[in-house]
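Text of coords.txt (compact mmCIF, C-alpha atoms and all ligand atoms) as supplied:
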```txt
# COMPACT_ATOMS: atom_id res chain seq x y z
CA ALA A 1 29.45 14.39 -56.55
CA ARG A 2 28.80 14.94 -52.89
CA LEU A 3 30.74 11.86 -51.90
CA ALA A 4 33.79 12.77 -53.97
CA ASN A 5 33.73 16.24 -52.46
CA GLN A 6 33.39 14.85 -48.96
CA ILE A 7 36.46 12.72 -49.51
CA ALA A 8 38.37 15.77 -50.67
CA ALA A 9 36.97 17.66 -47.68
CA GLY A 10 38.81 15.20 -45.45
CA GLU A 11 41.99 16.89 -46.56
CA VAL A 12 40.95 20.53 -46.57
CA VAL A 13 38.30 20.79 -43.86
CA GLU A 14 39.60 19.50 -40.61
CA ARG A 15 37.74 21.88 -38.28
CA PRO A 16 36.03 25.30 -38.31
CA ALA A 17 39.38 27.08 -38.32
CA SER A 18 40.35 25.41 -41.60
CA VAL A 19 37.12 26.67 -43.17
CA VAL A 20 37.90 30.19 -41.96
CA LYS A 21 41.40 29.97 -43.39
CA GLU A 22 40.23 28.87 -46.84
CA LEU A 23 37.48 31.47 -47.02
CA VAL A 24 39.60 34.38 -45.82
CA GLU A 25 42.30 33.40 -48.30
CA ASN A 26 39.68 33.47 -51.05
CA SER A 27 38.69 36.97 -49.94
CA LEU A 28 42.32 38.06 -50.08
CA ASP A 29 42.73 36.52 -53.53
CA ALA A 30 39.65 38.54 -54.54
CA GLY A 31 41.51 41.72 -53.62
CA ALA A 32 39.43 42.57 -50.54
CA SER A 33 40.65 45.40 -48.32
CA LYS A 34 38.12 44.68 -45.58
CA ILE A 35 37.14 41.25 -44.26
CA VAL A 36 34.61 40.58 -41.53
CA VAL A 37 34.48 37.17 -39.88
CA ASP A 38 31.45 36.35 -37.77
CA ILE A 39 31.48 33.13 -35.78
CA GLU A 40 28.77 31.43 -33.80
CA LYS A 41 29.38 28.62 -31.33
CA GLY A 42 33.02 28.15 -32.19
CA GLY A 43 32.14 27.89 -35.87
CA ALA A 44 30.13 24.69 -35.51
CA LYS A 45 26.88 26.61 -35.89
CA ARG A 46 27.95 29.41 -38.21
CA ILE A 47 30.94 30.85 -40.01
CA ARG A 48 30.24 33.94 -42.06
CA ILE A 49 32.89 35.79 -44.04
CA SER A 50 32.09 39.06 -45.80
CA ASP A 51 34.50 40.89 -48.06
CA ASN A 52 34.58 43.88 -50.36
CA GLY A 53 36.56 42.04 -53.04
CA CYS A 54 35.93 41.66 -56.76
CA GLY A 55 32.87 39.44 -56.32
CA ILE A 56 31.75 36.52 -58.44
CA ARG A 57 29.62 37.01 -61.53
CA LYS A 58 26.19 35.40 -61.63
CA GLU A 59 27.29 33.06 -64.45
CA GLU A 60 30.28 31.93 -62.42
CA LEU A 61 28.58 31.25 -59.09
CA THR A 62 27.68 27.68 -60.04
CA LEU A 63 31.16 26.98 -61.30
CA ALA A 64 32.80 28.34 -58.15
CA LEU A 65 30.99 25.66 -56.11
CA SER A 66 32.14 22.78 -58.28
CA ARG A 67 35.27 20.80 -57.77
CA HIS A 68 38.49 21.77 -59.50
CA ALA A 69 37.00 25.03 -60.62
CA THR A 70 39.49 27.75 -60.04
CA SER A 71 39.69 31.07 -61.78
CA LYS A 72 43.25 31.48 -60.67
CA ILE A 73 45.23 29.16 -62.90
CA LYS A 74 44.91 29.58 -66.62
CA ASP A 75 47.44 27.03 -67.82
CA LEU A 76 50.11 24.72 -66.52
CA THR A 77 52.94 27.21 -66.64
CA ASP A 78 50.99 29.19 -64.03
CA LEU A 79 51.59 26.36 -61.58
CA GLU A 80 55.25 27.25 -61.59
CA ALA A 81 54.74 30.75 -60.29
CA ILE A 82 51.72 30.65 -58.05
CA ALA A 83 51.13 34.05 -56.56
CA SER A 84 47.55 33.58 -55.37
CA LEU A 85 46.82 31.75 -52.13
CA GLY A 86 44.31 29.26 -53.49
CA PHE A 87 44.82 27.36 -56.67
CA ARG A 88 43.35 23.91 -56.28
CA GLY A 89 39.74 24.87 -56.72
CA GLU A 90 38.72 22.45 -53.99
CA ALA A 91 37.83 24.51 -50.97
CA LEU A 92 34.33 25.69 -51.77
CA ALA A 93 33.20 22.36 -53.20
CA SER A 94 34.64 20.51 -50.21
CA ILE A 95 33.14 22.82 -47.61
CA SER A 96 29.73 22.81 -49.23
CA SER A 97 29.72 19.01 -49.20
CA VAL A 98 30.01 18.91 -45.40
CA ALA A 99 27.98 21.98 -44.40
CA ARG A 100 25.12 24.19 -45.53
CA LEU A 101 26.93 26.79 -47.59
CA THR A 102 25.46 29.83 -49.25
CA MET A 103 27.42 32.26 -51.32
CA THR A 104 26.12 35.74 -52.05
CA SER A 105 28.03 38.02 -54.32
CA LYS A 106 27.97 41.18 -56.36
CA PRO A 107 30.77 42.31 -58.64
CA GLU A 108 30.98 46.07 -58.92
CA ASN A 109 29.86 46.12 -62.55
CA GLN A 110 26.86 43.82 -62.05
CA GLU A 111 23.58 45.48 -61.27
CA SER A 112 22.35 43.18 -58.53
CA ALA A 113 23.56 40.45 -56.23
CA TRP A 114 22.93 36.71 -56.54
CA GLN A 115 23.00 33.92 -54.04
CA ALA A 116 23.98 30.31 -54.70
CA TYR A 117 23.85 27.09 -52.72
CA ALA A 118 24.40 23.44 -53.53
CA GLN A 119 22.32 20.63 -52.13
CA GLY A 120 21.51 16.95 -52.45
CA ARG A 121 23.58 13.99 -53.50
CA ASP A 122 24.48 15.59 -56.81
CA MET A 123 25.26 18.96 -55.27
CA GLU A 124 22.85 20.66 -57.63
CA VAL A 125 23.39 24.41 -57.45
CA THR A 126 20.41 26.72 -57.06
CA ILE A 127 20.74 30.47 -57.58
CA GLN A 128 18.39 33.28 -56.68
CA PRO A 129 18.46 37.09 -56.54
CA ALA A 130 19.71 38.65 -53.32
CA ALA A 131 20.70 41.94 -51.73
CA HIS A 132 24.42 42.51 -51.11
CA PRO A 133 26.91 45.37 -51.52
CA ASN A 134 29.94 44.97 -53.82
CA GLY A 135 31.84 41.92 -52.67
CA THR A 136 31.07 38.46 -51.38
CA THR A 137 29.57 36.85 -48.29
CA ILE A 138 29.95 33.16 -47.68
CA GLU A 139 27.97 31.62 -44.90
CA VAL A 140 28.73 28.13 -43.65
CA ASN A 141 26.10 26.71 -41.32
CA ASP A 142 26.06 23.46 -39.36
CA LEU A 143 29.53 22.22 -40.26
CA PHE A 144 29.71 18.42 -40.49
CA PHE A 145 25.92 18.10 -40.07
CA ASN A 146 25.99 15.18 -42.52
CA THR A 147 29.21 13.59 -41.32
CA PRO A 148 28.39 12.84 -37.67
CA ALA A 149 31.69 11.07 -37.05
CA ARG A 150 33.58 14.24 -37.90
CA ARG A 151 31.19 16.46 -35.99
CA LYS A 152 31.84 14.36 -32.92
CA PHE A 153 35.52 15.24 -33.15
CA LEU A 154 34.88 18.96 -32.73
CA ARG A 155 36.23 20.22 -29.43
CA THR A 156 34.59 22.74 -27.12
CA GLU A 157 33.29 26.01 -28.50
CA LYS A 158 36.12 27.81 -26.75
CA THR A 159 38.84 25.60 -28.20
CA GLU A 160 37.49 25.75 -31.74
CA PHE A 161 37.20 29.52 -31.49
CA SER A 162 40.76 29.84 -30.26
CA HIS A 163 41.92 27.99 -33.39
CA ILE A 164 39.93 30.44 -35.50
CA ASP A 165 41.43 33.36 -33.60
CA GLU A 166 44.88 31.99 -34.32
CA VAL A 167 44.13 31.72 -38.04
CA ILE A 168 43.03 35.36 -38.06
CA ARG A 169 46.14 36.44 -36.15
CA ARG A 170 48.40 34.71 -38.65
CA ILE A 171 46.57 36.20 -41.60
CA ALA A 172 46.45 39.66 -40.00
CA LEU A 173 50.24 39.50 -39.79
CA ALA A 174 50.42 38.52 -43.44
CA ARG A 175 48.30 41.40 -44.70
CA PHE A 176 48.86 44.67 -42.89
CA ASP A 177 47.07 46.48 -45.70
CA VAL A 178 43.76 44.72 -45.06
CA SER A 179 41.39 45.43 -42.18
CA PHE A 180 39.96 42.49 -40.25
CA VAL A 181 37.10 42.17 -37.82
CA LEU A 182 36.40 38.99 -35.86
CA THR A 183 33.26 38.48 -33.79
CA HIS A 184 32.12 35.51 -31.70
CA ASN A 185 28.47 35.04 -30.72
CA GLY A 186 27.81 38.67 -31.60
CA LYS A 187 30.70 40.04 -29.55
CA MET A 188 33.62 41.91 -31.12
CA ILE A 189 36.81 40.00 -30.39
CA ARG A 190 39.41 41.50 -32.77
CA SER A 191 39.54 44.57 -34.88
CA TYR A 192 42.64 45.32 -36.90
CA ARG A 193 42.66 48.49 -38.97
CA ALA A 194 44.48 48.59 -42.26
CA ALA A 195 48.06 49.75 -41.78
CA ALA A 196 49.90 51.86 -44.31
CA ASN A 197 53.42 52.29 -42.94
CA MET A 198 55.97 50.53 -40.75
CA ASP A 199 54.81 52.29 -37.57
CA GLN A 200 51.26 51.13 -38.13
CA ASN A 201 52.53 47.66 -39.02
CA ALA A 202 54.41 47.54 -35.73
CA LYS A 203 51.26 48.63 -33.95
CA ARG A 204 49.35 45.71 -35.44
CA VAL A 205 52.14 43.34 -34.43
CA GLY A 206 51.68 44.70 -30.91
CA GLN A 207 47.93 44.05 -31.10
CA VAL A 208 48.42 40.51 -32.37
CA CYS A 209 51.51 39.44 -30.41
CA GLY A 210 51.23 41.64 -27.36
CA GLN A 211 52.78 44.99 -26.46
CA LYS A 212 55.49 43.23 -24.54
CA PHE A 213 56.71 41.47 -27.65
CA ILE A 214 56.93 44.54 -29.85
CA GLU A 215 58.58 46.57 -27.09
CA ASN A 216 61.24 43.90 -26.74
CA ALA A 217 61.79 43.26 -30.42
CA LEU A 218 64.64 44.06 -32.76
CA THR A 219 63.71 45.25 -36.22
CA ILE A 220 65.05 43.18 -39.08
CA ASP A 221 65.43 44.33 -42.66
CA CYS A 222 68.08 42.79 -44.86
CA GLN A 223 68.39 42.13 -48.57
CA HIS A 224 70.96 39.93 -50.22
CA GLU A 225 71.12 38.45 -53.70
CA GLY A 226 67.42 38.06 -54.32
CA LEU A 227 66.52 37.27 -50.70
CA HIS A 228 64.78 39.78 -48.48
CA LEU A 229 64.15 39.17 -44.78
CA TRP A 230 62.30 41.68 -42.65
CA GLY A 231 60.21 41.79 -39.50
CA TRP A 232 60.76 41.59 -35.77
CA ILE A 233 62.65 39.18 -33.53
CA ALA A 234 62.53 39.26 -29.75
CA LYS A 235 65.57 40.15 -27.73
CA PRO A 236 66.99 36.97 -26.18
CA GLU A 237 65.78 37.88 -22.68
CA PHE A 238 62.21 37.82 -23.99
CA TYR A 239 62.38 34.06 -24.67
CA ARG A 240 59.16 32.10 -24.34
CA ALA A 241 58.34 28.92 -22.48
CA GLN A 242 56.39 27.67 -25.53
CA ASN A 243 56.95 28.16 -29.21
CA ASP A 244 53.71 30.08 -29.51
CA LEU A 245 55.06 33.32 -30.94
CA CYS A 246 56.69 32.04 -34.08
CA TYR A 247 55.27 33.62 -37.19
CA SER A 248 57.11 33.20 -40.44
CA TYR A 249 55.94 34.05 -43.92
CA VAL A 250 57.31 33.18 -47.30
CA ASN A 251 56.14 35.50 -50.05
CA GLY A 252 53.16 36.43 -47.92
CA ARG A 253 52.12 32.89 -47.05
CA MET A 254 52.18 31.75 -43.46
CA MET A 255 54.51 28.83 -43.00
CA ARG A 256 55.65 26.47 -40.33
CA ASP A 257 58.83 25.61 -42.05
CA LYS A 258 61.51 23.52 -40.37
CA LEU A 259 64.30 25.10 -42.32
CA ILE A 260 63.32 28.65 -41.41
CA ASN A 261 62.66 27.79 -37.77
CA HIS A 262 65.99 26.05 -37.56
CA GLY A 263 67.86 29.01 -38.99
CA ILE A 264 66.31 31.30 -36.40
CA ARG A 265 66.73 28.92 -33.47
CA GLN A 266 70.34 28.41 -34.37
CA ALA A 267 70.91 32.16 -34.21
CA TYR A 268 69.48 32.19 -30.68
CA ALA A 269 71.02 28.90 -29.63
CA GLU A 270 73.68 30.29 -27.30
CA LEU A 271 71.60 33.15 -26.00
CA ILE A 272 68.45 31.58 -24.58
CA PRO A 273 68.02 28.64 -22.18
CA SER A 274 67.77 25.28 -23.87
CA ASP A 275 64.12 24.93 -22.80
CA GLY A 276 63.23 28.42 -24.07
CA TYR A 277 61.92 29.44 -27.45
CA PRO A 278 62.60 32.54 -29.51
CA ALA A 279 59.72 34.79 -30.56
CA PHE A 280 59.57 36.27 -34.03
CA VAL A 281 57.47 37.69 -36.81
CA LEU A 282 59.51 37.34 -39.97
CA TYR A 283 58.92 37.78 -43.65
CA LEU A 284 61.05 36.15 -46.29
CA GLU A 285 60.63 37.32 -49.82
CA LEU A 286 62.20 35.73 -52.85
CA ASP A 287 61.45 34.95 -56.46
CA HIS A 288 58.34 32.77 -56.77
CA LYS A 289 60.35 30.43 -58.99
CA GLU A 290 62.69 29.68 -56.09
CA VAL A 291 59.97 28.04 -53.98
CA ASP A 292 57.54 25.19 -54.46
CA VAL A 293 54.36 25.69 -52.45
CA ASN A 294 52.46 22.73 -53.83
CA VAL A 295 53.93 20.34 -51.26
CA HIS A 296 50.94 19.81 -48.98
CA PRO A 297 47.23 20.61 -49.40
CA ALA A 298 47.19 22.61 -46.18
CA LYS A 299 50.05 24.55 -47.74
CA HIS A 300 52.02 25.14 -44.56
CA GLU A 301 55.21 23.75 -46.03
CA VAL A 302 57.39 25.04 -48.79
CA ARG A 303 60.30 23.58 -50.63
CA PHE A 304 63.12 25.93 -51.45
CA HIS A 305 65.17 25.16 -54.49
CA GLN A 306 68.23 26.37 -52.60
CA GLY A 307 67.35 25.36 -49.05
CA ARG A 308 70.80 25.55 -47.55
CA TYR A 309 71.37 29.03 -48.92
CA VAL A 310 68.04 30.28 -47.55
CA HIS A 311 68.70 28.70 -44.16
CA ASP A 312 72.13 30.27 -43.83
CA PHE A 313 70.83 33.66 -44.88
CA ILE A 314 68.14 33.60 -42.19
CA TYR A 315 70.61 32.41 -39.60
CA SER A 316 73.19 35.07 -40.36
CA VAL A 317 70.74 37.97 -40.52
CA CYS A 318 69.21 37.04 -37.15
CA HIS A 319 72.56 36.29 -35.60
CA GLN A 320 73.94 39.64 -36.67
CA ALA A 321 70.94 41.50 -35.25
CA LEU A 322 71.20 39.71 -31.92
CA GLN A 323 74.92 40.30 -31.72
CA SER A 324 74.75 44.00 -32.47
CA ASP A 325 72.05 44.31 -29.80
CA LEU A 326 74.38 42.70 -27.24
CA ALA A 327 77.30 44.92 -28.25
P1 LIG B 1 40.59 28.24 -55.27
O1 LIG B 1 40.70 29.31 -54.22
O2 LIG B 1 41.61 27.16 -55.06
O3 LIG B 1 40.53 28.78 -56.66
P2 LIG B 1 38.04 27.71 -54.09
O4 LIG B 1 37.19 26.50 -54.08
O5 LIG B 1 38.54 28.23 -52.79
O6 LIG B 1 39.24 27.43 -55.06
O7 LIG B 1 37.25 28.86 -54.85
C1 LIG B 1 36.74 28.62 -56.14
C2 LIG B 1 36.61 29.89 -56.95
O8 LIG B 1 35.56 30.71 -56.42
C3 LIG B 1 37.83 30.79 -56.91
O9 LIG B 1 38.79 30.43 -57.88
C4 LIG B 1 37.23 32.17 -57.18
O10 LIG B 1 37.08 32.37 -58.56
C5 LIG B 1 35.85 32.07 -56.57
N1 LIG B 1 35.78 32.71 -55.23
C6 LIG B 1 35.75 32.08 -54.04
N2 LIG B 1 35.65 32.93 -53.00
C7 LIG B 1 35.61 34.17 -53.56
C8 LIG B 1 35.50 35.52 -53.01
N3 LIG B 1 35.42 35.73 -51.69
N4 LIG B 1 35.48 36.55 -53.90
C9 LIG B 1 35.57 36.33 -55.24
N5 LIG B 1 35.67 35.09 -55.80
C10 LIG B 1 35.70 34.03 -54.98
MG MG B 2 40.50 29.02 -52.22
```

Spell out the structure here as structure tokens.
Amino acid sequence: ARLANQIAAGEVVERPASVVKELVENSLDAGASKIVVDIEKGGAKRIRISDNGCGIRKEELTLALSRHATSKIKDLTDLEAIASLGFRGEALASISSVARLTMTSKPENQESAWQAYAQGRDMEVTIQPAAHPNGTTIEVNDLFFNTPARRKFLRTEKTEFSHIDEVIRRIALARFDVSFVLTHNGKMIRSYRAAANMDQNAKRVGQVCGQKFIENALTIDCQHEGLHLWGWIAKPEFYRAQNDLCYSYVNGRMMRDKLINHGIRQAYAELIPSDGYPAFVLYLELDHKEVDVNVHPAKHEVRFHQGRYVHDFIYSVCHQALQSDLA
């Protein structure tokens, strides 16, 4: 079992940041409103994620650590309209095959907390009583301790942490309603309070993307025939030398989608130098049935059923906003 999980881990667990992404997404799927991420030594030594979500029942702890166990898809028709972030049931099993993982959890209506961990070649799960408030903590120690070749590929502590920081930034922009805390080696690095209105959302965008960005941004909010695009795009004079401030979300999922990026870049094409990049934080919302998210395990790509239509919508909304700013 361990070997099969390690092979699967090759796809899901590339580096500490990918572990953080999977675990934070699980916390979000569990309905958490507060997520604390504690990192030690760039994540190579420890990644600990605590949430106040729905928790996992004692009887289900073992199952949650096994492969293809997901509580999120009940039947095949669900696959068509996936609203939750995780659905493959691979992350926990994969991570625990390449690290020392413990999971401690307490659902609100369960009297006490329980802790589970899997070990050995057969990934036998042991559970024991524990102390924990409502919610879940997952601790991942010594990532890749048993796959030395992969461990060797980890970069410096600073580089690995910066990837984790980026994951948290992207997720913080996806979920304004959730508060996030990120620490590294015991030091507070980020703290985003839950936001409840557009002003507070904009404030978080300023925290994540810099004050300069939000002060130089145009607000977007446009709905047309089932498509809704909203967010912030930088005025053309605030172009960047790198494409490092490009955040786009489709139905709440962070995406690096060529089609979306192209639509935006085309809107800017005549307004910024050819070696400059636009900056944006944009949210596209459309019917779940209009997108296919099951394209890649890392889930950064989507397939739109009406790609051209989506592209042209994004282009024209951005173009219009830029033009009316120039006027
Ligand atoms: P997936 O997210 O694809 O379902 P995972 O391996 O990431 O698969 O998680 C397996 C299962 O463990 C989830 O379906 C969920 O039921 C449970 N789980 C994982 N993390 C949490 C959490 N933080 N809170 C509550 N349940 C969780
Ligand atoms: Mg998951």

(message) Given all atoms listed in the file as the basis, pick out the residue of A:Leu282, A:Ala32, A:Ala321, A:Ala195 nearest to ligand LIG 1 (chain B).
(response)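 Checking each of A:Leu282, A:Ala32, A:Ala321, A:Ala195 against ligand LIG 1 (chain B), counting all atoms listed in the file, the winner is A:Ala32.
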
(request) Rank nothing, just name the residue among A:Cys222, A:Asp177, A:Ile47, A:Val205 nearest to A:Gly31, using all atoms listed in the file. (result)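 Closest to A:Gly31, using all atoms listed in the file: A:Asp177.
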
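What separates atom CA of A:Gly120 from atom CA of A:Ser97 is a distance of 9.1 Å.
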
(message) Using only C-alpha atoms, which protein or nucleic acid residues come within 12 Å of A:Gln6? Drop anything in the same chain fewer than 5 positions from it, and give the result as JSON, numbers by chain.
(response) {"A": [1, 11, 12, 13, 14, 67, 90, 91, 92, 93, 94, 95, 96, 97, 98, 99, 121, 122, 123, 144, 146, 147, 150]}

Excluding A:Lys235 and residues on its chain fewer than 3 positions from it, collect all residues at most 10 Å away from it, counting only C-alpha atoms, and give them as a CSV table (one decimal) with C-alpha atoms, keeping the file's coordinate frame.
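What ended up in around-v4.csv:
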```
chain,number,residue,atom,x,y,z
A,213,PHE,CA,56.7,41.5,-27.6
A,214,ILE,CA,56.9,44.5,-29.8
A,215,GLU,CA,58.6,46.6,-27.1
A,216,ASN,CA,61.2,43.9,-26.7
A,217,ALA,CA,61.8,43.3,-30.4
A,218,LEU,CA,64.6,44.1,-32.8
A,232,TRP,CA,60.8,41.6,-35.8
A,238,PHE,CA,62.2,37.8,-24.0
A,239,TYR,CA,62.4,34.1,-24.7
A,268,TYR,CA,69.5,32.2,-30.7
A,271,LEU,CA,71.6,33.2,-26.0
A,272,ILE,CA,68.4,31.6,-24.6
A,278,PRO,CA,62.6,32.5,-29.5
A,279,ALA,CA,59.7,34.8,-30.6
A,280,PHE,CA,59.6,36.3,-34.0
A,321,ALA,CA,70.9,41.5,-35.2
A,322,LEU,CA,71.2,39.7,-31.9
A,325,ASP,CA,72.0,44.3,-29.8
A,326,LEU,CA,74.4,42.7,-27.2
```

(message) Using all atoms listed in the file, can you tell me which of A:Thr137, A:Lys21, A:Arg303, A:Ala130 comes closest to ligand LIG 1 (chain B)?
(response)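 Residue with the minimum atom-to-atom distance to ligand LIG 1 (chain B): A:Thr137.
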
(message) Taking all atoms listed in the file into account, name the residue in A:Val20, A:Ala113, A:Ala174, A:Leu101 that is nearest to ligand MG 2 (chain B).
(response)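 Among A:Val20, A:Ala113, A:Ala174, A:Leu101, it is A:Val20 that comes nearest to ligand MG 2 (chain B).
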
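Picture a line from atom CA of A:Asn141 to atom CA of A:Gln207; it runs 29.7 Å.
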
(request) Work out how far atom CA of A:His300 is from atom CA of A:Asp29, in Å to one decimal. (result) 17.2 Å

(request) Name the closest residue to A:Tyr247 among the candidates A:Arg170, A:Ile189, A:Asn201, A:Gly263; distances are taken between atoms, counting only C-alpha atoms. (result) A:Arg170

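Closest approach to A:Val125 among A:Ile260, A:Met103, A:Cys246, A:Ala196 is made by A:Met103 (distances from only C-alpha atoms).
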
(message) Excluding stretch 284-292 of chain A and its own-chain neighbours fewer than 4 positions away, which residues fall within 10 Å of it when counting all atoms listed in the file? Please give them as a PyMOL selection string.
(response) chain A and resi 79-83+221-223+225-231+248-253+260+301-307+310+314

(message) Give me, as number ranges by chain, all polymer residues having an atom no more than 10 Å from A:Phe161, counting only C-alpha atoms and skipping those fewer than 6 positions away in the same chain.
(response) A: 16-17, 39-44, 155, 167, 184

(request) Would you kindly return, as a PyMOL selection string, each protein, DNA or RNA residue with an atom no farther than 8 Å from any atom of A:Asn134, considering only C-alpha atoms and excluding same-chain residues fewer than 3 positions away? (result) chain A and resi 52-55+105-108
